[in-house]
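The structure file input.tsv is reproduced below (TSV, C-alpha atoms (C1' of nucleotides)).
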```
chain	number	residue	atom	x	y	z
B	194	MET	CA	-35.91	-18.57	-26.30
B	195	ALA	CA	-34.96	-17.26	-22.89
B	196	PHE	CA	-36.82	-17.93	-19.66
B	197	ALA	CA	-39.19	-15.04	-19.25
B	198	PRO	CA	-40.33	-14.28	-15.72
B	199	LEU	CA	-43.54	-15.99	-14.72
B	200	ASP	CA	-46.29	-13.74	-13.38
B	201	PRO	CA	-46.11	-14.59	-9.68
B	202	LEU	CA	-49.81	-14.00	-9.28
B	203	LEU	CA	-50.60	-16.75	-11.74
B	204	HIS	CA	-47.72	-19.01	-10.82
B	205	ASN	CA	-49.63	-20.47	-7.91
B	206	GLN	CA	-51.61	-23.65	-8.06
B	207	LEU	CA	-54.89	-22.42	-6.70
B	208	ARG	CA	-54.94	-19.05	-8.43
B	209	LEU	CA	-54.00	-20.66	-11.71
B	210	ALA	CA	-56.82	-23.16	-11.31
B	211	ILE	CA	-59.29	-20.37	-10.56
B	212	VAL	CA	-58.30	-18.39	-13.62
B	213	SER	CA	-58.23	-21.53	-15.72
B	214	LEU	CA	-61.80	-22.27	-14.72
B	215	LEU	CA	-62.91	-18.72	-15.39
B	216	VAL	CA	-61.43	-18.67	-18.87
B	217	GLY	CA	-64.04	-21.00	-20.27
B	218	VAL	CA	-67.06	-19.48	-18.62
B	219	ASP	CA	-68.93	-16.22	-18.25
B	220	SER	CA	-68.87	-16.31	-14.47
B	221	ALA	CA	-68.56	-18.79	-11.65
B	222	ASP	CA	-69.59	-18.55	-8.05
B	223	PHE	CA	-67.63	-19.32	-4.93
B	224	ASN	CA	-69.00	-22.78	-4.35
B	225	PHE	CA	-68.42	-23.86	-7.90
B	226	LEU	CA	-64.78	-22.86	-7.63
B	227	LEU	CA	-64.58	-24.48	-4.23
B	228	GLU	CA	-65.77	-27.78	-5.57
B	229	LYS	CA	-63.71	-27.77	-8.73
B	230	THR	CA	-60.49	-26.81	-7.01
B	231	SER	CA	-60.92	-28.82	-3.79
B	232	ALA	CA	-59.53	-25.84	-1.91
B	233	THR	CA	-60.52	-24.77	1.58
B	234	ARG	CA	-62.89	-21.81	1.89
B	235	GLY	CA	-60.25	-19.69	3.56
B	236	ASN	CA	-57.63	-20.27	0.93
B	237	LEU	CA	-60.12	-19.74	-1.87
B	238	SER	CA	-61.29	-16.48	-0.33
B	239	VAL	CA	-57.74	-15.20	0.03
B	240	GLN	CA	-56.73	-16.07	-3.51
B	241	ILE	CA	-59.86	-14.62	-5.08
B	242	THR	CA	-59.19	-11.41	-3.20
B	243	LYS	CA	-55.65	-11.30	-4.56
B	244	LEU	CA	-56.87	-11.81	-8.09
B	245	LYS	CA	-59.47	-9.12	-7.57
B	246	ASP	CA	-56.93	-6.68	-6.12
B	247	ALA	CA	-54.76	-7.25	-9.18
B	248	GLY	CA	-57.70	-6.53	-11.44
B	249	TYR	CA	-57.59	-10.02	-12.90
B	250	VAL	CA	-61.10	-10.92	-11.84
B	251	THR	CA	-64.19	-8.96	-10.99
B	252	VAL	CA	-66.26	-10.03	-8.03
B	253	LYS	CA	-69.95	-9.48	-7.56
B	254	LYS	CA	-71.54	-10.06	-4.19
B	255	THR	CA	-75.27	-10.61	-4.17
B	256	PHE	CA	-77.83	-12.70	-2.36
B	257	LYS	CA	-79.11	-15.90	-3.84
B	258	ASP	CA	-81.96	-17.72	-2.12
B	259	ASN	CA	-81.35	-15.61	0.96
B	260	TYR	CA	-77.69	-16.57	1.15
B	261	PRO	CA	-74.71	-14.45	0.25
B	262	ASN	CA	-73.30	-15.33	-3.10
B	263	THR	CA	-69.94	-14.42	-4.54
B	264	SER	CA	-69.67	-14.52	-8.28
B	265	CYS	CA	-66.37	-14.16	-10.14
B	266	SER	CA	-65.50	-13.49	-13.71
B	267	LEU	CA	-62.28	-12.98	-15.58
B	268	SER	CA	-61.44	-9.45	-16.67
B	269	ALA	CA	-59.82	-8.58	-19.98
B	270	LYS	CA	-56.64	-7.87	-18.05
B	271	GLY	CA	-56.86	-11.27	-16.40
B	272	LEU	CA	-57.32	-13.05	-19.68
B	273	LYS	CA	-54.39	-11.25	-21.19
B	274	ALA	CA	-52.22	-12.12	-18.22
B	275	PHE	CA	-53.26	-15.74	-18.42
B	276	GLU	CA	-52.43	-15.95	-22.10
B	277	ALA	CA	-49.05	-14.37	-21.46
B	278	TYR	CA	-48.40	-16.81	-18.63
B	279	VAL	CA	-49.26	-19.79	-20.80
B	280	LYS	CA	-46.93	-18.59	-23.49
B	281	ALA	CA	-44.14	-17.93	-21.00
B	282	ILE	CA	-44.29	-21.23	-19.17
B	283	LYS	CA	-44.30	-23.23	-22.36
B	284	VAL	CA	-40.66	-22.31	-22.75
B	285	TYR	CA	-39.91	-23.93	-19.41
B	286	LEU	CA	-41.88	-27.00	-20.38
B	287	GLY	CA	-40.13	-27.42	-23.69
B	288	THR	CA	-43.46	-27.00	-25.44
B	289	GLY	CA	-42.91	-23.52	-26.83
B	290	GLU	CA	-41.09	-22.31	-29.87
B	291	ASP	CA	-37.33	-22.45	-29.57
F	248	MET	CA	-59.74	-33.69	-16.23
F	249	ALA	CA	-59.35	-32.53	-12.66
F	250	PHE	CA	-56.59	-30.29	-11.38
F	251	ALA	CA	-53.91	-32.61	-10.15
F	252	PRO	CA	-51.53	-31.22	-7.52
F	253	LEU	CA	-48.40	-29.67	-8.95
F	254	ASP	CA	-45.12	-30.95	-7.56
F	255	PRO	CA	-44.12	-28.02	-5.33
F	256	LEU	CA	-40.47	-28.67	-5.97
F	257	LEU	CA	-40.89	-28.09	-9.67
F	258	HIS	CA	-43.54	-25.41	-9.39
F	259	ASN	CA	-40.95	-22.74	-8.84
F	260	GLN	CA	-39.55	-20.55	-11.54
F	261	LEU	CA	-35.86	-21.10	-10.94
F	262	ARG	CA	-36.00	-24.80	-10.15
F	263	LEU	CA	-38.19	-25.40	-13.17
F	264	ALA	CA	-35.72	-23.52	-15.34
F	265	ILE	CA	-32.82	-25.55	-13.98
F	266	VAL	CA	-34.54	-28.85	-14.64
F	267	SER	CA	-35.71	-27.64	-18.02
F	268	LEU	CA	-32.13	-26.86	-18.97
F	269	LEU	CA	-30.89	-30.20	-17.68
F	270	VAL	CA	-33.42	-32.18	-19.66
F	271	GLY	CA	-31.76	-31.49	-22.97
F	272	VAL	CA	-28.21	-32.02	-21.88
F	273	ASP	CA	-25.94	-34.58	-20.28
F	274	SER	CA	-24.73	-32.22	-17.62
F	275	ALA	CA	-24.38	-28.53	-16.97
F	276	ASP	CA	-22.18	-26.64	-14.59
F	277	PHE	CA	-23.02	-23.91	-12.14
F	278	ASN	CA	-21.99	-20.99	-14.28
F	279	PHE	CA	-23.85	-22.25	-17.29
F	280	LEU	CA	-27.05	-22.46	-15.25
F	281	LEU	CA	-26.28	-19.09	-13.70
F	282	GLU	CA	-26.06	-17.44	-17.07
F	283	LYS	CA	-29.03	-19.14	-18.64
F	284	THR	CA	-31.33	-18.47	-15.72
F	285	SER	CA	-30.11	-14.99	-14.74
F	286	ALA	CA	-30.38	-16.02	-11.12
F	287	THR	CA	-28.15	-14.87	-8.29
F	288	ARG	CA	-25.46	-17.27	-7.11
F	289	GLY	CA	-27.07	-17.64	-3.72
F	290	ASN	CA	-30.47	-18.49	-5.06
F	291	LEU	CA	-29.04	-20.89	-7.60
F	292	SER	CA	-27.01	-22.65	-4.94
F	293	VAL	CA	-30.03	-23.05	-2.68
F	294	GLN	CA	-32.28	-24.37	-5.42
F	295	ILE	CA	-29.72	-26.82	-6.75
F	296	THR	CA	-29.32	-28.15	-3.22
F	297	LYS	CA	-33.05	-28.65	-2.92
F	298	LEU	CA	-33.19	-30.51	-6.20
F	299	LYS	CA	-30.26	-32.62	-5.08
F	300	ASP	CA	-31.85	-33.38	-1.70
F	301	ALA	CA	-34.97	-34.52	-3.49
F	302	GLY	CA	-32.93	-36.80	-5.70
F	303	TYR	CA	-33.94	-34.91	-8.82
F	304	VAL	CA	-30.41	-33.96	-9.81
F	305	THR	CA	-27.00	-35.34	-9.06
F	306	VAL	CA	-24.21	-32.96	-8.27
F	307	LYS	CA	-20.53	-33.51	-8.87
F	308	LYS	CA	-17.99	-31.20	-7.32
F	309	THR	CA	-14.57	-31.14	-8.90
F	310	PHE	CA	-11.83	-28.69	-9.74
F	311	LYS	CA	-11.59	-27.26	-13.19
F	312	ASP	CA	-8.58	-25.09	-14.06
F	313	ASN	CA	-7.81	-24.80	-10.37
F	314	TYR	CA	-11.28	-23.48	-9.58
F	315	PRO	CA	-14.10	-25.34	-7.87
F	316	ASN	CA	-16.64	-26.58	-10.33
F	317	THR	CA	-20.15	-27.79	-9.65
F	318	SER	CA	-21.67	-29.95	-12.33
F	319	CYS	CA	-25.32	-31.00	-12.32
F	320	SER	CA	-27.26	-33.59	-14.20
F	321	LEU	CA	-30.82	-34.75	-14.13
F	322	SER	CA	-31.55	-38.10	-12.51
F	323	ALA	CA	-34.08	-40.59	-13.80
F	324	LYS	CA	-36.31	-39.61	-10.91
F	325	GLY	CA	-35.97	-35.97	-11.85
F	326	LEU	CA	-36.86	-36.60	-15.45
F	327	LYS	CA	-39.89	-38.62	-14.44
F	328	ALA	CA	-41.02	-35.85	-12.08
F	329	PHE	CA	-40.56	-33.25	-14.78
F	330	GLU	CA	-42.60	-35.21	-17.27
F	331	ALA	CA	-45.36	-35.66	-14.71
F	332	TYR	CA	-45.29	-31.97	-13.92
F	333	VAL	CA	-45.58	-31.03	-17.58
F	334	LYS	CA	-48.53	-33.33	-18.00
F	335	ALA	CA	-50.21	-32.01	-14.86
F	336	ILE	CA	-49.85	-28.32	-15.57
F	337	LYS	CA	-51.18	-28.67	-19.09
F	338	VAL	CA	-54.58	-29.19	-17.57
F	339	TYR	CA	-54.33	-25.81	-15.90
F	340	LEU	CA	-53.21	-24.22	-19.13
F	341	GLY	CA	-56.03	-25.66	-21.16
F	342	THR	CA	-53.46	-27.45	-23.29
F	343	GLY	CA	-54.01	-30.95	-21.97
F	344	GLU	CA	-56.62	-33.55	-22.78
F	345	ASP	CA	-60.03	-32.80	-21.38
D	288	DC	C1'	1.94	-9.47	0.58
D	289	DC	C1'	-2.30	-7.44	-0.29
D	290	DT	C1'	-6.04	-6.74	-3.20
D	291	DT	C1'	-9.29	-8.40	-6.24
D	292	DC	C1'	-11.62	-12.17	-8.63
D	293	DT	C1'	-13.71	-16.73	-8.94
D	294	DT	C1'	-16.93	-19.99	-7.21
D	295	DG	C1'	-19.76	-21.01	-4.43
D	296	DT	C1'	-22.31	-21.53	0.71
D	297	DT	C1'	-24.67	-19.91	4.75
D	298	DT	C1'	-27.59	-16.94	7.15
D	299	DA	C1'	-31.14	-13.59	7.58
D	300	DT	C1'	-35.14	-11.23	5.93
D	301	DT	C1'	-39.18	-10.71	3.49
D	302	DT	C1'	-43.11	-12.98	1.04
D	303	DT	C1'	-46.30	-16.28	0.48
D	304	DA	C1'	-49.27	-20.01	1.16
D	305	DT	C1'	-52.24	-22.43	4.03
D	306	DA	C1'	-54.96	-23.61	7.87
D	307	DA	C1'	-57.42	-22.48	11.89
D	308	DA	C1'	-60.52	-19.52	14.08
D	309	DC	C1'	-64.04	-16.44	13.61
D	310	DC	C1'	-68.33	-13.96	11.96
D	311	DT	C1'	-73.12	-13.09	10.24
D	312	DA	C1'	-77.14	-14.66	8.85
D	313	DT	C1'	-80.37	-18.59	7.85
D	314	DT	C1'	-82.61	-22.72	8.35
D	315	DT	C1'	-84.10	-26.77	10.96
D	316	DA	C1'	-85.47	-29.29	15.13
D	317	DC	C1'	-87.57	-29.24	19.36
L	266	DG	C1'	-89.30	-19.11	20.15
L	267	DT	C1'	-84.95	-20.57	21.04
L	268	DA	C1'	-81.01	-23.85	20.56
L	269	DA	C1'	-78.27	-26.09	17.47
L	270	DA	C1'	-76.72	-26.83	12.95
L	271	DT	C1'	-75.81	-25.15	8.26
L	272	DA	C1'	-74.42	-21.82	4.60
L	273	DG	C1'	-71.20	-18.69	2.90
L	274	DG	C1'	-67.46	-16.38	3.55
L	275	DT	C1'	-63.55	-13.32	5.94
L	276	DT	C1'	-59.81	-12.46	9.08
L	277	DT	C1'	-55.89	-13.75	11.58
L	278	DA	C1'	-52.06	-16.61	12.82
L	279	DT	C1'	-48.64	-19.93	11.68
L	280	DA	C1'	-45.61	-22.47	8.74
L	281	DA	C1'	-43.02	-22.70	4.73
L	282	DA	C1'	-40.53	-20.69	0.93
L	283	DA	C1'	-38.10	-17.57	-1.92
L	284	DT	C1'	-34.68	-14.28	-2.34
L	285	DA	C1'	-30.98	-11.29	-1.18
L	286	DA	C1'	-27.20	-10.06	1.56
L	287	DA	C1'	-23.19	-11.41	3.96
L	288	DC	C1'	-19.52	-14.55	4.31
L	289	DA	C1'	-15.66	-17.88	3.06
L	290	DA	C1'	-11.65	-20.01	0.88
L	291	DG	C1'	-8.59	-20.41	-2.47
L	292	DA	C1'	-6.43	-18.27	-7.09
L	293	DA	C1'	-4.48	-14.68	-9.77
L	294	DG	C1'	-2.47	-10.35	-10.56
L	295	DG	C1'	0.35	-6.39	-9.39
```

Show this structure as structure tokens.
Amino acid sequence: MAFAPLDPLLHNQLRLAIVSLLVGVDSADFNFLLEKTSATRGNLSVQITKLKDAGYVTVKKTFKDNYPNTSCSLSAKGLKAFEAYVKAIKVYLGTGED
Amino acid sequence: MAFAPLDPLLHNQLRLAIVSLLVGVDSADFNFLLEKTSATRGNLSVQITKLKDAGYVTVKKTFKDNYPNTSCSLSAKGLKAFEAYVKAIKVYLGTGED
DNA sequence: CCTTCTTGTTTATTTTATAAACCTATTTAC
DNA sequence: GTAAATAGGTTTATAAAATAAACAAGAAGG
């Protein structure tokens, strides 16, 4: 198989980690993602915004115990994009079908 | 498993494609890589140089039928890095071991 | 010769990623 | 009750990277 282009939005370490975490779960809040990814707050904020702007994740801002709380979940579009990315990169890794 | 950092040198579409192509073969020349990756000459040249500078590929410049010919092959270091990269990214893809 | 083709390299421009600084509100300590 | 520290993020500035455009040097063809 040929090398299909890799979705540049997902072909980034932090954004891929975020989406990867969101795949298995209904929703995850900012601090959970922060801990799991070991990112800085700034970088995490920026990348979540990019994923939101692309329609890959939906973001809900509420208050939890008086503090602002940002909760993210993967959209159908995001899931589809992730699955396509996984399929595409497997070719590069030698893990996909010929 | 946690999200291990992804070797930035390999976490790039074109460089990953180059290395991926070199894994299966003894050596490959510039035009072969150019065709298989659909890259521009400039970009291919730059990325090969980066892989060479990192010691991931070795480059041999000769003349073939009177024309300059650049032949690349994967070094042991490059192969090792590629294998580590594959293992690392599988975690992100949900394909690796827990 | 002089134009075009081959095989690349170098330079310049645009994106992108990351970190540093900032902001708003809340809690805690005095 | 007010100063300092903490929580939860966002915005801005800087550094790094990717890509494309321009250039070069020899070969072939007319």

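Distance-wise, C1' of DG295 (chain L) and C1' of DT294 (chain D) end up 22.1 Å apart.
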
Within 12 Å of region 301-312 of chain D, counting all atoms listed in the file, which residues show up once you throw out same-chain ones fewer than 3 positions away? Write them as a count of residues only, please.
-> 37

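One finds CA of Gly325 (chain F) at 16.9 Å from CA of Asp276 (chain F).
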
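All residues of protein, DNA or RNA that reach within 12 Å of Tyr303 (chain F), judged by only C-alpha atoms (C1' of nucleotides) and not counting those fewer than 5 positions away in the chain, are F:Asp254, F:Leu256, F:Leu257, F:Arg262, F:Leu263, F:Ile265, F:Val266, F:Ser267, F:Leu269, F:Val270, F:Gln294, F:Ile295, F:Thr296, F:Lys297, F:Leu298, F:Cys319, F:Ser320, F:Leu321, F:Ser322, F:Ala323, F:Lys324, F:Gly325, F:Leu326, F:Lys327, F:Ala328, F:Phe329.
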
Selected residues written out, C-alpha atoms, as a PDB file, in the coordinates of the input:
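Output contents, as saved in selection.pdb:
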```pdb
ATOM      1  CA  ASP F 254     -45.120 -30.950  -7.560  1.00  0.00           C
ATOM      2  CA  LEU F 256     -40.470 -28.670  -5.970  1.00  0.00           C
ATOM      3  CA  LEU F 257     -40.890 -28.090  -9.670  1.00  0.00           C
ATOM      4  CA  ARG F 262     -36.000 -24.800 -10.150  1.00  0.00           C
ATOM      5  CA  LEU F 263     -38.190 -25.400 -13.170  1.00  0.00           C
ATOM      6  CA  ILE F 265     -32.820 -25.550 -13.980  1.00  0.00           C
ATOM      7  CA  VAL F 266     -34.540 -28.850 -14.640  1.00  0.00           C
ATOM      8  CA  SER F 267     -35.710 -27.640 -18.020  1.00  0.00           C
ATOM      9  CA  LEU F 269     -30.890 -30.200 -17.680  1.00  0.00           C
ATOM     10  CA  VAL F 270     -33.420 -32.180 -19.660  1.00  0.00           C
ATOM     11  CA  GLN F 294     -32.280 -24.370  -5.420  1.00  0.00           C
ATOM     12  CA  ILE F 295     -29.720 -26.820  -6.750  1.00  0.00           C
ATOM     13  CA  THR F 296     -29.320 -28.150  -3.220  1.00  0.00           C
ATOM     14  CA  LYS F 297     -33.050 -28.650  -2.920  1.00  0.00           C
ATOM     15  CA  LEU F 298     -33.190 -30.510  -6.200  1.00  0.00           C
ATOM     16  CA  CYS F 319     -25.320 -31.000 -12.320  1.00  0.00           C
ATOM     17  CA  SER F 320     -27.260 -33.590 -14.200  1.00  0.00           C
ATOM     18  CA  LEU F 321     -30.820 -34.750 -14.130  1.00  0.00           C
ATOM     19  CA  SER F 322     -31.550 -38.100 -12.510  1.00  0.00           C
ATOM     20  CA  ALA F 323     -34.080 -40.590 -13.800  1.00  0.00           C
ATOM     21  CA  LYS F 324     -36.310 -39.610 -10.910  1.00  0.00           C
ATOM     22  CA  GLY F 325     -35.970 -35.970 -11.850  1.00  0.00           C
ATOM     23  CA  LEU F 326     -36.860 -36.600 -15.450  1.00  0.00           C
ATOM     24  CA  LYS F 327     -39.890 -38.620 -14.440  1.00  0.00           C
ATOM     25  CA  ALA F 328     -41.020 -35.850 -12.080  1.00  0.00           C
ATOM     26  CA  PHE F 329     -40.560 -33.250 -14.780  1.00  0.00           C
TER      27      PHE F 329
END
```

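CA of Gly289 (chain B) lies 15.6 Å from CA of Tyr332 (chain F).
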
7 Å contacts from chain F to chain B using all atoms listed in the file, as number ranges by chain = F: 250, 253, 260, 263-264, 267, 284, 333, 339-340

Same residues, C-alpha atoms, output as a PDB file, in the frame of the given file:
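Written out: part08.pdb:
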```pdb
ATOM      1  CA  PHE F 250     -56.590 -30.290 -11.380  1.00  0.00           C
ATOM      2  CA  LEU F 253     -48.400 -29.670  -8.950  1.00  0.00           C
ATOM      3  CA  GLN F 260     -39.550 -20.550 -11.540  1.00  0.00           C
ATOM      4  CA  LEU F 263     -38.190 -25.400 -13.170  1.00  0.00           C
ATOM      5  CA  ALA F 264     -35.720 -23.520 -15.340  1.00  0.00           C
ATOM      6  CA  SER F 267     -35.710 -27.640 -18.020  1.00  0.00           C
ATOM      7  CA  THR F 284     -31.330 -18.470 -15.720  1.00  0.00           C
ATOM      8  CA  VAL F 333     -45.580 -31.030 -17.580  1.00  0.00           C
ATOM      9  CA  TYR F 339     -54.330 -25.810 -15.900  1.00  0.00           C
ATOM     10  CA  LEU F 340     -53.210 -24.220 -19.130  1.00  0.00           C
TER      11      LEU F 340
END
```

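Distance criterion 9 Å to chain F, applied with all atoms listed in the file, yields DT293, DT294, DG295 and DT296 of chain D on chain D.
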
Region 253-331 of chain F dumped to file, C-alpha atoms, as a short mmCIF file (atom, residue, chain, number, x, y, z; two decimals), in the first residue's frame:
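New file result-v2.cif:
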```cif
data_model
loop_
_atom_site.label_atom_id
_atom_site.label_comp_id
_atom_site.auth_asym_id
_atom_site.auth_seq_id
_atom_site.Cartn_x
_atom_site.Cartn_y
_atom_site.Cartn_z
CA LEU F 253 8.06 9.86 20.45
CA ASP F 254 11.43 10.32 18.77
CA PRO F 255 10.88 13.68 17.05
CA LEU F 256 13.15 12.70 14.21
CA LEU F 257 10.93 9.79 13.29
CA HIS F 258 7.65 11.45 14.18
CA ASN F 259 7.49 13.19 10.85
CA GLN F 260 5.60 11.90 7.88
CA LEU F 261 8.34 12.03 5.29
CA ARG F 262 11.19 10.87 7.48
CA LEU F 263 9.09 8.03 8.79
CA ALA F 264 8.25 7.00 5.24
CA ILE F 265 11.91 7.08 4.25
CA VAL F 266 12.97 4.92 7.15
CA SER F 267 10.01 2.64 6.61
CA LEU F 268 11.11 2.09 3.03
CA LEU F 269 14.71 1.50 4.05
CA VAL F 270 13.81 -1.13 6.61
CA GLY F 271 12.86 -3.70 4.03
CA VAL F 272 15.73 -3.13 1.66
CA ASP F 273 19.50 -3.09 1.51
CA SER F 274 19.66 0.35 0.02
CA ALA F 275 17.55 2.75 -1.96
CA ASP F 276 18.49 5.68 -4.10
CA PHE F 277 17.13 9.19 -4.15
CA ASN F 278 14.75 8.77 -7.04
CA PHE F 279 13.29 5.59 -5.66
CA LEU F 280 12.49 7.35 -2.40
CA LEU F 281 11.22 10.35 -4.32
CA GLU F 282 8.75 8.25 -6.23
CA LYS F 283 7.58 6.14 -3.34
CA THR F 284 7.04 9.07 -1.02
CA SER F 285 5.71 11.61 -3.53
CA ALA F 286 7.82 14.24 -1.84
CA THR F 287 9.49 17.20 -3.50
CA ARG F 288 13.21 16.94 -4.19
CA GLY F 289 14.00 19.74 -1.78
CA ASN F 290 12.08 18.26 1.08
CA LEU F 291 13.50 14.82 0.46
CA SER F 292 17.03 16.18 0.38
CA VAL F 293 16.55 18.03 3.66
CA GLN F 294 15.04 15.07 5.46
CA ILE F 295 17.65 12.61 4.24
CA THR F 296 20.31 14.99 5.52
CA LYS F 297 18.66 15.12 8.92
CA LEU F 298 18.50 11.35 9.11
CA LYS F 299 22.13 11.18 8.07
CA ASP F 300 23.19 13.78 10.65
CA ALA F 301 21.45 11.75 13.31
CA GLY F 302 23.27 8.64 12.21
CA TYR F 303 20.04 6.91 11.27
CA VAL F 304 20.97 6.42 7.63
CA THR F 305 24.20 6.27 5.73
CA VAL F 306 24.45 8.07 2.43
CA LYS F 307 26.69 7.15 -0.47
CA LYS F 308 27.17 9.58 -3.32
CA THR F 309 28.41 8.13 -6.57
CA PHE F 310 27.88 8.54 -10.28
CA LYS F 311 25.55 6.26 -12.11
CA ASP F 312 25.38 6.50 -15.91
CA ASN F 313 27.18 9.81 -15.72
CA TYR F 314 24.61 11.27 -13.33
CA PRO F 315 25.04 11.90 -9.63
CA ASN F 316 23.41 9.23 -7.56
CA THR F 317 22.55 9.33 -3.88
CA SER F 318 22.07 5.97 -2.25
CA CYS F 319 20.72 5.57 1.28
CA SER F 320 20.63 2.71 3.70
CA LEU F 321 19.45 2.30 7.23
CA SER F 322 22.08 2.05 9.95
CA ALA F 323 21.83 -0.23 12.95
CA LYS F 324 21.11 2.83 15.04
CA GLY F 325 18.34 3.82 12.67
CA LEU F 326 16.75 0.42 12.78
CA LYS F 327 16.86 0.38 16.55
CA ALA F 328 15.28 3.84 16.70
CA PHE F 329 12.57 2.79 14.29
CA GLU F 330 11.72 -0.29 16.31
CA ALA F 331 11.56 1.79 19.48
#
```
